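Undergrad: So here's start11.txt, just compact mmCIF, C-alpha atoms:
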```
# COMPACT_ATOMS: atom_id res chain seq x y z
CA MET A 1 0.00 0.00 0.00
CA GLU A 2 1.03 3.58 -0.53
CA PRO A 3 1.97 5.62 2.56
CA VAL A 4 -0.89 7.51 4.18
CA ARG A 5 -0.69 11.22 3.33
CA TYR A 6 -0.83 12.41 6.92
CA VAL A 7 0.17 16.01 6.17
CA ASP A 8 -2.44 16.37 3.44
CA LEU A 9 -5.11 14.88 5.70
CA LEU A 10 -4.25 17.17 8.58
CA ASN A 11 -4.30 20.20 6.29
CA GLN A 12 -7.72 19.07 5.10
CA ARG A 13 -8.88 18.81 8.69
CA TYR A 14 -7.57 22.22 9.70
CA LYS A 15 -9.16 23.79 6.61
CA ALA A 16 -12.52 22.26 7.52
CA GLN A 17 -12.21 23.91 10.94
CA GLY A 18 -11.59 27.30 9.35
CA PHE A 19 -7.84 27.52 9.96
CA PRO A 20 -5.35 28.71 7.34
CA PRO A 21 -2.97 26.08 5.95
CA TYR A 22 -0.58 24.95 8.66
CA GLN A 23 3.00 26.09 8.20
CA TRP A 24 4.91 22.86 8.65
CA THR A 25 8.46 23.12 9.84
CA VAL A 26 11.06 22.22 7.25
CA ASN A 27 14.31 21.20 8.91
CA GLU A 28 17.38 21.37 6.74
CA PRO A 29 19.77 18.45 7.32
CA THR A 30 22.98 19.20 9.07
CA SER A 31 26.24 17.69 7.88
CA LEU A 32 26.68 13.98 8.47
CA THR A 33 29.02 13.05 11.27
CA ALA A 34 30.41 9.60 10.65
CA LEU A 35 30.91 7.30 13.61
CA ASP A 36 34.49 6.88 14.72
CA LYS A 37 33.84 3.42 16.13
CA PRO A 38 31.85 0.33 15.16
CA LEU A 39 28.23 -0.03 16.25
CA SER A 40 29.28 -2.85 18.52
CA GLN A 41 31.22 -0.34 20.61
CA CYS A 42 28.60 2.43 20.64
CA ARG A 43 26.56 3.59 23.60
CA VAL A 44 22.95 4.04 22.50
CA SER A 45 20.13 6.09 23.99
CA MET A 46 16.57 6.46 22.78
CA LEU A 47 13.60 8.83 23.06
CA THR A 48 9.93 8.14 22.49
CA SER A 49 7.45 10.92 21.78
CA GLY A 50 4.53 8.51 22.10
CA GLY A 51 3.17 9.51 25.51
CA VAL A 52 4.96 6.69 27.32
CA SER A 53 5.33 7.12 31.09
CA HIS A 54 6.99 4.91 33.66
CA CYS A 55 4.65 3.84 36.46
CA SER A 56 6.65 5.98 38.92
CA MET A 57 5.68 9.12 36.97
CA PRO A 58 2.35 10.81 36.24
CA THR A 59 0.73 9.79 32.99
CA TRP A 60 1.06 12.19 30.10
CA ASP A 61 -1.74 14.53 29.16
CA ALA A 62 -3.22 12.70 26.21
CA TYR A 63 -4.19 16.00 24.60
CA ALA A 64 -0.92 17.78 25.40
CA ARG A 65 0.11 20.89 23.52
CA ASN A 66 3.46 22.57 24.00
CA ASP A 67 4.33 20.23 26.85
CA PHE A 68 8.10 20.32 27.35
CA ARG A 69 8.16 17.83 30.17
CA LEU A 70 10.97 15.38 29.59
CA ASP A 71 11.21 12.14 31.58
CA THR A 72 14.31 10.09 32.06
CA VAL A 73 13.73 6.35 31.90
CA ASP A 74 15.80 3.74 33.67
CA PRO A 75 17.03 1.39 30.95
CA ALA A 76 16.43 -1.56 33.29
CA ALA A 77 12.67 -0.93 33.23
CA THR A 78 10.64 -3.54 31.41
CA GLN A 79 7.64 -3.15 29.17
CA ALA A 80 5.21 -3.95 31.99
CA ASP A 81 6.36 -0.84 33.88
CA PHE A 82 4.84 1.66 31.45
CA THR A 83 1.56 3.40 30.71
CA VAL A 84 0.72 4.99 27.38
CA SER A 85 -1.47 8.07 27.13
CA ASP A 86 -1.76 9.85 23.81
CA SER A 87 -4.90 10.84 21.92
CA TYR A 88 -3.07 11.46 18.65
CA TYR A 89 -2.64 7.83 17.63
CA ASP A 90 -4.15 4.42 18.30
CA THR A 91 -2.37 3.25 21.45
CA THR A 92 -3.96 -0.21 21.55
CA ASP A 93 -0.81 -2.13 20.63
CA ALA A 94 1.50 0.14 22.64
CA GLU A 95 -0.59 -0.51 25.76
CA ILE A 96 -0.24 -4.25 25.21
CA ASP A 97 3.46 -4.06 24.42
CA VAL A 98 5.30 -0.76 24.79
CA ASN A 99 8.07 -2.08 22.55
CA THR A 100 5.92 -1.16 19.54
CA VAL A 101 6.75 2.51 20.19
CA PHE A 102 9.59 2.30 22.71
CA PRO A 103 11.60 -0.88 22.18
CA ILE A 104 13.32 -0.87 25.55
CA ASP A 105 13.44 -4.65 25.90
CA ARG A 106 14.73 -5.02 22.36
CA LEU A 107 17.45 -2.45 22.91
CA ARG A 108 18.78 -4.36 25.91
CA GLU A 109 18.72 -7.56 23.86
CA LEU A 110 20.89 -5.90 21.22
CA GLU A 111 23.33 -5.02 23.96
CA THR A 112 23.35 -8.64 25.14
CA ASP A 113 23.96 -10.07 21.67
CA GLY A 114 26.73 -7.55 20.98
CA THR A 115 25.02 -5.59 18.20
CA ILE A 116 25.57 -2.41 20.24
CA GLY A 117 28.19 -1.70 22.85
CA SER A 118 25.85 -0.60 25.64
CA VAL A 119 22.54 0.98 26.51
CA ALA A 120 22.97 4.49 27.90
CA PRO A 121 22.28 5.05 31.61
CA ARG A 122 19.26 7.18 30.74
CA LEU A 123 16.56 6.74 28.11
CA TRP A 124 13.97 9.44 27.44
CA SER A 125 10.27 10.14 26.96
CA GLY A 126 9.08 13.56 25.89
CA PHE A 127 8.23 16.01 23.11
CA MET A 128 4.84 14.30 22.98
CA GLY A 129 1.51 15.68 21.82
CA ARG A 130 1.57 18.75 19.65
CA ILE A 131 4.37 21.25 19.94
CA TYR A 132 3.93 24.55 18.16
CA LYS A 133 6.80 26.44 19.79
CA ARG A 134 9.39 25.46 17.25
CA THR A 135 11.86 28.18 18.22
CA HIS A 136 11.86 26.88 21.78
CA VAL A 137 12.57 23.38 20.48
CA LEU A 138 15.42 24.52 18.26
CA GLU A 139 17.06 26.99 20.60
CA GLU A 140 16.40 25.59 24.07
CA ALA A 141 14.79 22.18 24.50
CA ALA A 142 16.76 20.21 21.91
CA PRO A 143 20.17 21.73 22.78
CA ALA A 144 19.50 21.06 26.50
CA LEU A 145 18.76 17.42 25.72
CA ALA A 146 21.87 17.19 23.57
CA GLU A 147 23.90 18.34 26.58
CA GLU A 148 22.39 15.56 28.68
CA LEU A 149 23.31 13.02 26.02
CA HIS A 150 26.82 14.40 25.94
CA ASP A 151 27.03 13.97 29.71
CA ASP A 152 26.08 10.31 29.28
CA ASP A 153 28.72 9.77 26.55
CA VAL A 154 26.04 8.73 24.09
CA ASP A 155 27.26 7.84 20.60
CA LEU A 156 23.89 7.17 18.97
CA PHE A 157 20.48 8.59 19.82
CA LEU A 158 17.40 6.94 18.41
CA LEU A 159 14.35 9.23 18.08
CA VAL A 160 11.11 7.27 17.86
CA PRO A 161 7.92 9.06 16.84
CA ALA A 162 4.67 7.26 17.53
CA MET B 1 14.09 5.36 8.52
CA PHE B 2 10.52 5.08 7.27
CA VAL B 3 8.26 2.14 7.97
CA ASN B 4 4.87 2.13 6.30
CA PHE B 5 3.07 0.93 9.40
CA PRO B 6 0.23 2.58 11.32
CA MET B 7 1.11 5.23 13.88
CA GLY B 8 1.66 3.41 17.14
CA ASN B 9 3.52 0.57 15.47
CA PRO B 10 6.87 1.82 14.20
CA PHE B 11 8.45 -1.40 15.47
CA GLY B 12 5.66 -3.63 14.19
CA PRO B 13 2.97 -5.62 15.97
CA ALA B 14 2.75 -6.18 19.72
CA ASN B 15 4.39 -9.25 21.19
CA LYS B 16 6.55 -9.96 18.14
CA PRO B 17 9.99 -9.57 19.72
CA ASP B 18 12.00 -11.04 16.85
CA TYR B 19 10.32 -8.73 14.36
CA GLN B 20 10.70 -5.69 16.62
CA ARG B 21 14.36 -6.49 17.15
CA ASP B 22 14.96 -6.74 13.39
CA ILE B 23 13.42 -3.30 12.81
CA LEU B 24 15.51 -1.82 15.61
CA ARG B 25 18.67 -3.47 14.33
CA THR B 26 17.97 -2.16 10.82
CA ALA B 27 17.55 1.36 12.19
CA LEU B 28 20.79 1.24 14.15
CA GLU B 29 22.77 -0.32 11.32
CA MET B 30 21.73 2.56 9.07
CA VAL B 31 24.63 4.48 10.55
CA ASN B 32 26.98 2.22 8.64
CA ARG B 33 25.10 2.57 5.35
CA ILE B 34 24.05 6.16 4.88
CA THR B 35 26.41 8.65 3.30
CA THR B 36 24.27 11.78 3.37
CA ALA B 37 22.60 13.54 6.30
CA GLY B 38 18.81 13.46 6.01
CA GLU B 39 18.83 10.33 3.89
CA ILE B 40 15.62 8.31 4.32
CA VAL B 41 15.77 4.53 4.19
CA ASP B 42 12.49 2.71 3.49
CA VAL B 43 11.80 -0.57 5.21
CA LYS B 44 10.14 -2.67 2.55
CA ASP B 45 7.89 -4.73 4.80
CA SER B 46 4.14 -4.26 4.49
CA TRP B 47 1.54 -4.09 7.21
CA GLN B 48 -0.89 -6.99 7.34
CA ASN B 49 -3.76 -4.95 5.92
CA ASP B 50 -4.37 -1.61 4.24
CA PHE B 51 -5.00 0.91 7.03
CA THR B 52 -5.47 3.99 4.82
CA GLU B 53 -9.24 4.21 5.24
CA LYS B 54 -9.11 3.68 9.00
CA VAL B 55 -6.47 6.37 9.47
CA THR B 56 -8.22 8.81 7.15
CA LYS B 57 -11.51 8.50 9.02
CA SER B 58 -9.74 8.82 12.34
CA LEU B 59 -7.76 11.93 11.39
CA LEU B 60 -10.68 13.75 9.84
CA ALA B 61 -12.93 12.95 12.80
CA MET B 62 -10.54 14.17 15.52
```
As structure tokens, how would this structure be written, given the file I've shared?

TA:
Amino acid sequence: MEPVRYVDLLNQRYKAQGFPPYQWTVNEPTSLTALDKPLSQCRVSMLTSGGVSHCSMPTWDAYARNDFRLDTVDPAATQADFTVSDSYYDTTDAEIDVNTVFPIDRLRELETDGTIGSVAPRLWSGFMGRIYKRTHVLEEAAPALAEELHDDDVDLFLLVPA
Amino acid sequence: MFVNFPMGNPFGPANKPDYQRDILRTALEMVNRITTAGEIVDVKDSWQNDFTEKVTKSLLAM
């Protein structure tokens, strides 16, 4: 099947509600930084934006807008430790098995079998819902997260949208 | 990496650990294959059924 035209559909929806066409952000790629070590020696971290919360934390606001809360996740947590709360996609499978949107068990398995060097000491959940403050993302939130990754000596960061 | 799966399933179906692991491994191994920043790699697998109509109805009804 052809990919679903999500952007076109959302524009159609906004138009039906009387809004002007949404100005989607176009991010220009930065230069590629090649790894200086094999994957099997890399420390990997991961972020989900799918409204995934550890049971020790409040659930996410399923209808969140401009929510810059950012949770750290213990990489030893297992899929049974999470709740999923997000109105912007069908969470049925993620509630059964969080690995469909946040493959935390799978990441540890790739550490065990030697595909990656190690799982970082902190994984992440955030940037969920709808975020319209793109300048804040570019100039504050994303750079702050990059600093945290630097502190953890992360080589690879996997960003998982829902 | 782009997978033509429904939102909520970027790593495939629930309780399919081998499949999920393969998708994750493919994503991570991209770092050894890509030569240009911003390059998009398509995963060729198909979802079990066409979800276009379901998603369309859902998005337009929100």

Undergrad: Could you give me, as a ChimeraX atom specification, the residues within 8 Å of Gly117 in chain A, counting all atoms listed in the file and dropping anything in the same chain fewer than 4 positions from it?

TA: /A:39-44,111

Undergrad: So which residues touch Thr56 in chain B within 10 Å, counting all atoms listed in the file, skipping near sequence neighbours fewer than 5 positions away, as a ChimeraX atom specification?

TA: /A:4-6,9-10 /B:51,61

Undergrad: Do a neighbour search on range 26-31 of chain B at 10 Å with all atoms listed in the file, toss out local chain neighbours closer than 4 positions, and write the hits as a ChimeraX atom specification.

TA: /A:32-35,38-39,44,115-116,156-158 /B:1-2,20-22,35,39-41,43

Undergrad: Please indicate the distance in Å from CA of Trp47 in chain B to CA of Tyr88 in chain A, rounded to one decimal place.

TA: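 Those two atoms sit 19.8 Å apart.
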
Undergrad: As a list in words, could you give me every residue of chain B near chain A (at most 6 Å apart, counting all atoms listed in the file)?

TA: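 Per the criterion, chain B yields Asn4, Met7, Gly8, Asn9, Phe11, Gly12, Ala14, Arg21, Ala37, Gly38, Thr52 and Leu60 of chain B.
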
Undergrad: CA of Met57 in chain A to CA of Arg69 in chain A: how many Å, to one decimal?

TA: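 Straight-line distance from CA of Met57 in chain A to CA of Arg69 in chain A works out to 11.3 Å.
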
Undergrad: Work out how far CA of Pro17 in chain B is from CA of Ser58 in chain B, in Å to one decimal.

TA: 28.0 Å

Undergrad: Kindly indicate which residue among A:Met128, A:Met46, A:Ala141, A:Ala76 lies nearest to Leu24 in chain B, using all atoms listed in the file for the distances.

TA: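 Checking each of A:Met128, A:Met46, A:Ala141, A:Ala76 against Leu24 in chain B, counting all atoms listed in the file, the winner is A:Met46.
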
Undergrad: I need the residue nearest Arg108 in chain A from this list: B:Val3, B:Arg25, B:Val55, B:Tyr19. Use all atoms listed in the file for the distance.

TA: B:Arg25

Undergrad: Determine the nearest neighbour of Val137 in chain A from the options A:Ser56, A:Asn66, A:Ser85, A:Ser49, counting all atoms listed in the file.

TA: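 The shortest atom-to-atom distance to Val137 in chain A comes from A:Asn66.
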